[in-house]
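Structure record follows, encoded as structure tokens.
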Amino acid sequence: MSRDWLELLRPGDWLVMLAGLVAVAAALPLLWRGGAADLAVVKRDGTVVAELPLTQPRKLDVAGPLGTTVIEVQPGRARVASDPGPRQYCVLQGWLTRPNAIAICAPNHVSLQLSGPRSDGGGYDSLNY
Amino acid sequence: MGAAMTASTTERGADAVREQPSPPPGRGAGGGGVIELEVTAVDRRIARYAAAAIVLTIAEAAIPSPLPGVKPGLANIVTLIVLWRHGWREAAWVTLLRVLAGSLLVGQFLAPGFFLSLTGAALSLAVLALASRLPRNWFGPVSHSVLAAFAHIAGQLMVVRLWLVPHDGVFHLTPVFAGAALLFGIVNGLIAAKLLEEK
């Protein structure tokens, strides 16, 4: 049965299928690379307090109405390390790595958003497929 | 253009023509207002193949897909068979008629899906025009099918990027579409090769 089907393939067909497989394999990294984020933008009450490049580790304290929110930056990623808010949503989000990812600590009026290379995602809040 | 008209009127006109074997070519009968179009054997063949392709298009529209754009593309089996047996010109007619009539029947005419199909079909046909020149001993229907499938998805991604989702984010899905193109390209090619072998 399966031999019948294999006999339908000609030598060049194998070549084309192999080339196709290579093309798919070459495209595979695209699935995970969401465009690298390179900047962490920290805002309080909607105004930017700091723009931290995601190149070297750093910690930043931001004072809000409830207390201090601690932003931690490491190469390629950033997170809210601690926050005085009651439900801790922004802390539980963990590390942000993709451009336009955002952690909002609403009770303390602080937000952390990553931005990608210029124009990437400009004008879009979110994209659904 | 002439072929398109005759092909699309074949279904209605076939019986009438069969009764009088050699109608005058394309001459309107003055008083009665009846216009007879000459239907050649090629036109009938194109219509028959296109009808088969349209049936496959409709059947396929009923299959749920996890991702818009990922479809087996069963109608392309017909294109491959026509290409192999009767050459590129007829394959192009069958494909374009299928895209047009299929979209009308599914209710997608001039909707985004229609333009995606059209672009995919146009690019596939362009690639098939080149691929069909490859030596047949070496490159069979499976080669044609895989190459056309990749052209199809490339064309669709281009339209999606330029028009429907103007953001580079769509390219993150390239591996998914390319993988589907490879898989369904091989499967469709094998089915076409099998059917061609059976004559």
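Each chain of the structure tokens is named A, B, ... in the order shown, its residues numbered from 1; ligands are numbered from 1 in display order.
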
Sort by chain and increasing residue number a table of all residues of chain B within 12 Å of chain A, each with its closest pair of atoms and their distance in Å to one decimal, counting only C-alpha atoms, and write it as a tab-separated table.
```
residue	atom	partner	partner_atom	distance
B:Pro66	CA	A:Tyr129	CA	11.1
B:Leu67	CA	A:Tyr129	CA	8.4
B:Pro68	CA	A:Tyr129	CA	8.5
B:Gly69	CA	A:Tyr129	CA	10.9
B:Ala131	CA	A:Val16	CA	10.9
B:Leu134	CA	A:Gly12	CA	9.4
B:Pro135	CA	A:Gly12	CA	9.1
B:Arg136	CA	A:Arg10	CA	8.7
B:Asn137	CA	A:Arg10	CA	7.0
B:Trp138	CA	A:Gly12	CA	4.8
B:Phe139	CA	A:Gly12	CA	4.7
B:Gly140	CA	A:Arg10	CA	6.0
B:Pro141	CA	A:Asp13	CA	8.2
B:Val142	CA	A:Asp13	CA	6.0
B:Ser143	CA	A:Asp13	CA	4.8
B:His144	CA	A:Asp13	CA	8.6
B:Ser145	CA	A:Asp13	CA	9.7
B:Val146	CA	A:Met17	CA	7.1
B:Leu147	CA	A:Val16	CA	7.6
B:Ala148	CA	A:Val16	CA	11.2
B:Ala149	CA	A:Gly20	CA	10.0
B:Phe150	CA	A:Gly20	CA	8.2
B:Ala151	CA	A:Gly20	CA	11.4
B:Val160	CA	A:Tyr129	CA	11.3
B:Leu164	CA	A:Tyr129	CA	10.9
B:Val165	CA	A:Leu127	CA	8.6
B:Pro166	CA	A:Gly121	CA	9.8
B:His167	CA	A:Gly121	CA	7.1
B:Asp168	CA	A:Asp120	CA	7.9
B:Gly169	CA	A:Gly34	CA	7.5
B:Val170	CA	A:Tyr129	CA	8.3
B:Phe171	CA	A:Leu30	CA	7.2
B:His172	CA	A:Leu31	CA	4.8
B:Leu173	CA	A:Leu31	CA	6.1
B:Thr174	CA	A:Ala27	CA	6.6
B:Pro175	CA	A:Leu28	CA	5.1
B:Val176	CA	A:Leu31	CA	8.0
B:Phe177	CA	A:Val24	CA	8.9
B:Ala178	CA	A:Val24	CA	5.6
B:Gly179	CA	A:Val24	CA	5.8
B:Ala180	CA	A:Val24	CA	9.4
B:Ala181	CA	A:Gly20	CA	8.8
B:Leu182	CA	A:Gly20	CA	6.2
B:Leu183	CA	A:Met17	CA	9.4
B:Phe184	CA	A:Met17	CA	11.5
B:Gly185	CA	A:Met17	CA	9.1
B:Ile186	CA	A:Met17	CA	7.6
B:Val187	CA	A:Trp5	CA	10.2
B:Gly189	CA	A:Leu9	CA	9.2
B:Leu190	CA	A:Leu8	CA	6.8
B:Ile191	CA	A:Trp5	CA	8.9
B:Ala192	CA	A:Leu8	CA	9.6
B:Ala193	CA	A:Leu8	CA	6.2
B:Lys194	CA	A:Leu8	CA	6.9
B:Leu195	CA	A:Leu8	CA	10.4
B:Leu196	CA	A:Leu8	CA	9.9
B:Glu197	CA	A:Leu8	CA	8.4
B:Glu198	CA	A:Leu8	CA	11.5
```

Report task. List the neighbours of Ala75 (chain B) out to 6 Å using only C-alpha atoms; skip same-chain residues closer than 2 positions along the sequence, and give me the result as a list of chain:residue names. Result -> B:Ala53, B:Leu56, B:Thr57, B:Gly73, B:Ile77, B:Val78

Using the selection just defined, write its residues with all heavy atoms as a PDB file, in the first residue's frame.
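Just written: result03.pdb:
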```
ATOM      1  N   ALA B  53     -13.812  20.872  -9.666  1.00  0.00           N
ATOM      2  CA  ALA B  53     -13.023  21.685  -8.732  1.00  0.00           C
ATOM      3  C   ALA B  53     -13.938  22.482  -7.809  1.00  0.00           C
ATOM      4  O   ALA B  53     -13.661  22.638  -6.618  1.00  0.00           O
ATOM      5  CB  ALA B  53     -12.098  22.617  -9.504  1.00  0.00           C
ATOM      6  N   LEU B  56     -15.274  20.362  -5.042  1.00  0.00           N
ATOM      7  CA  LEU B  56     -14.268  20.174  -3.991  1.00  0.00           C
ATOM      8  C   LEU B  56     -14.141  21.430  -3.129  1.00  0.00           C
ATOM      9  O   LEU B  56     -13.972  21.344  -1.911  1.00  0.00           O
ATOM     10  CB  LEU B  56     -12.913  19.819  -4.614  1.00  0.00           C
ATOM     11  CG  LEU B  56     -12.820  18.402  -5.181  1.00  0.00           C
ATOM     12  CD1 LEU B  56     -11.500  18.192  -5.897  1.00  0.00           C
ATOM     13  CD2 LEU B  56     -12.983  17.373  -4.077  1.00  0.00           C
ATOM     14  N   THR B  57     -14.221  22.607  -3.769  1.00  0.00           N
ATOM     15  CA  THR B  57     -14.144  23.865  -3.015  1.00  0.00           C
ATOM     16  C   THR B  57     -15.261  23.952  -1.982  1.00  0.00           C
ATOM     17  O   THR B  57     -15.046  24.308  -0.831  1.00  0.00           O
ATOM     18  CB  THR B  57     -14.256  25.068  -3.971  1.00  0.00           C
ATOM     19  OG1 THR B  57     -13.209  24.969  -4.931  1.00  0.00           O
ATOM     20  CG2 THR B  57     -14.126  26.378  -3.217  1.00  0.00           C
ATOM     21  N   GLY B  73      -6.923  22.585   0.347  1.00  0.00           N
ATOM     22  CA  GLY B  73      -6.836  23.008  -1.052  1.00  0.00           C
ATOM     23  C   GLY B  73      -7.049  21.862  -2.016  1.00  0.00           C
ATOM     24  O   GLY B  73      -6.325  21.705  -2.995  1.00  0.00           O
ATOM     25  N   ILE B  77      -6.053  19.669  -6.727  1.00  0.00           N
ATOM     26  CA  ILE B  77      -5.798  18.368  -7.349  1.00  0.00           C
ATOM     27  C   ILE B  77      -6.276  18.411  -8.794  1.00  0.00           C
ATOM     28  O   ILE B  77      -5.613  17.904  -9.703  1.00  0.00           O
ATOM     29  CB  ILE B  77      -6.535  17.252  -6.569  1.00  0.00           C
ATOM     30  CG1 ILE B  77      -5.968  17.152  -5.149  1.00  0.00           C
ATOM     31  CG2 ILE B  77      -6.409  15.926  -7.292  1.00  0.00           C
ATOM     32  CD1 ILE B  77      -6.797  16.288  -4.222  1.00  0.00           C
ATOM     33  N   VAL B  78      -7.452  19.044  -8.985  1.00  0.00           N
ATOM     34  CA  VAL B  78      -7.999  19.147 -10.341  1.00  0.00           C
ATOM     35  C   VAL B  78      -7.058  19.967 -11.220  1.00  0.00           C
ATOM     36  O   VAL B  78      -6.760  19.592 -12.362  1.00  0.00           O
ATOM     37  CB  VAL B  78      -9.404  19.781 -10.307  1.00  0.00           C
ATOM     38  CG1 VAL B  78      -9.961  19.909 -11.707  1.00  0.00           C
ATOM     39  CG2 VAL B  78     -10.336  18.959  -9.436  1.00  0.00           C
TER      40      VAL B  78
END
```

**Report entry** Polymer residues at most 9 Å from region 59-73 of chain A, only C-alpha atoms, same-chain spacing of 4 or more positions, as a PyMOL selection string
**Finding:** chain A and resi 40+42-45+49-50+52-55+77-85+105+107-110+112

Residues from the last selection, C-alpha atoms, saved as a PDB file, in the first residue's frame:
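Below is the file that was written, out_14.pdb:
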```
ATOM      1  CA  ALA A  40      11.269  49.421  29.195  1.00  0.00           C
ATOM      2  CA  VAL A  42       7.885  53.115  33.183  1.00  0.00           C
ATOM      3  CA  LYS A  43       4.934  55.438  33.708  1.00  0.00           C
ATOM      4  CA  ARG A  44       3.226  56.911  36.714  1.00  0.00           C
ATOM      5  CA  ASP A  45      -0.201  58.489  36.305  1.00  0.00           C
ATOM      6  CA  VAL A  49       9.111  58.524  34.658  1.00  0.00           C
ATOM      7  CA  ALA A  50      11.885  56.433  33.146  1.00  0.00           C
ATOM      8  CA  LEU A  52      15.354  51.921  30.693  1.00  0.00           C
ATOM      9  CA  PRO A  53      17.277  50.178  27.903  1.00  0.00           C
ATOM     10  CA  LEU A  54      17.047  46.397  28.204  1.00  0.00           C
ATOM     11  CA  THR A  55      20.776  45.964  27.996  1.00  0.00           C
ATOM     12  CA  ARG A  77      13.411  41.436  29.830  1.00  0.00           C
ATOM     13  CA  ALA A  78      11.791  43.430  32.629  1.00  0.00           C
ATOM     14  CA  ARG A  79       9.308  42.850  35.424  1.00  0.00           C
ATOM     15  CA  VAL A  80       7.596  44.431  38.366  1.00  0.00           C
ATOM     16  CA  ALA A  81       9.593  42.934  41.226  1.00  0.00           C
ATOM     17  CA  SER A  82       7.311  44.165  43.973  1.00  0.00           C
ATOM     18  CA  ASP A  83       4.276  46.375  44.378  1.00  0.00           C
ATOM     19  CA  PRO A  84       2.151  47.470  47.321  1.00  0.00           C
ATOM     20  CA  GLY A  85      -1.110  46.768  45.450  1.00  0.00           C
ATOM     21  CA  CYS A 105      -0.116  48.179  38.751  1.00  0.00           C
ATOM     22  CA  PRO A 107      -3.708  50.674  42.541  1.00  0.00           C
ATOM     23  CA  ASN A 108      -0.310  52.316  42.679  1.00  0.00           C
ATOM     24  CA  HIS A 109      -0.778  54.170  39.366  1.00  0.00           C
ATOM     25  CA  VAL A 110       2.363  52.609  37.847  1.00  0.00           C
ATOM     26  CA  LEU A 112       5.668  49.040  32.869  1.00  0.00           C
TER      27      LEU A 112
END
```

**Report entry** Expected answer as an NGL selection string: alpha helix (DSSP H) residues in chain B
**Finding:** :B and (2-19 or 41-61 or 75-86 or 88-106 or 112-131 or 141-159 or 174-198)

Query - Among the residues A:Thr97, A:Leu114, A:Thr47, A:Tyr89, the one that comes closest to Gly76 (chain A) [using only C-alpha atoms] - result: A:Thr97

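You will find CA of Gln113 (chain A) at 9.5 Å from CA of Arg98 (chain A).
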
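CA of Ile153 (chain B) to CA of Leu125 (chain B) spans 12.6 Å [interatomic distance, one decimal].
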
Query raised in the report: Residues of chain A in strand (DSSP E) according to DSSP, as a ChimeraX atom specification?
Result: /A:39-44,47-53,58-63,68-74,77-82,102-105,110-115
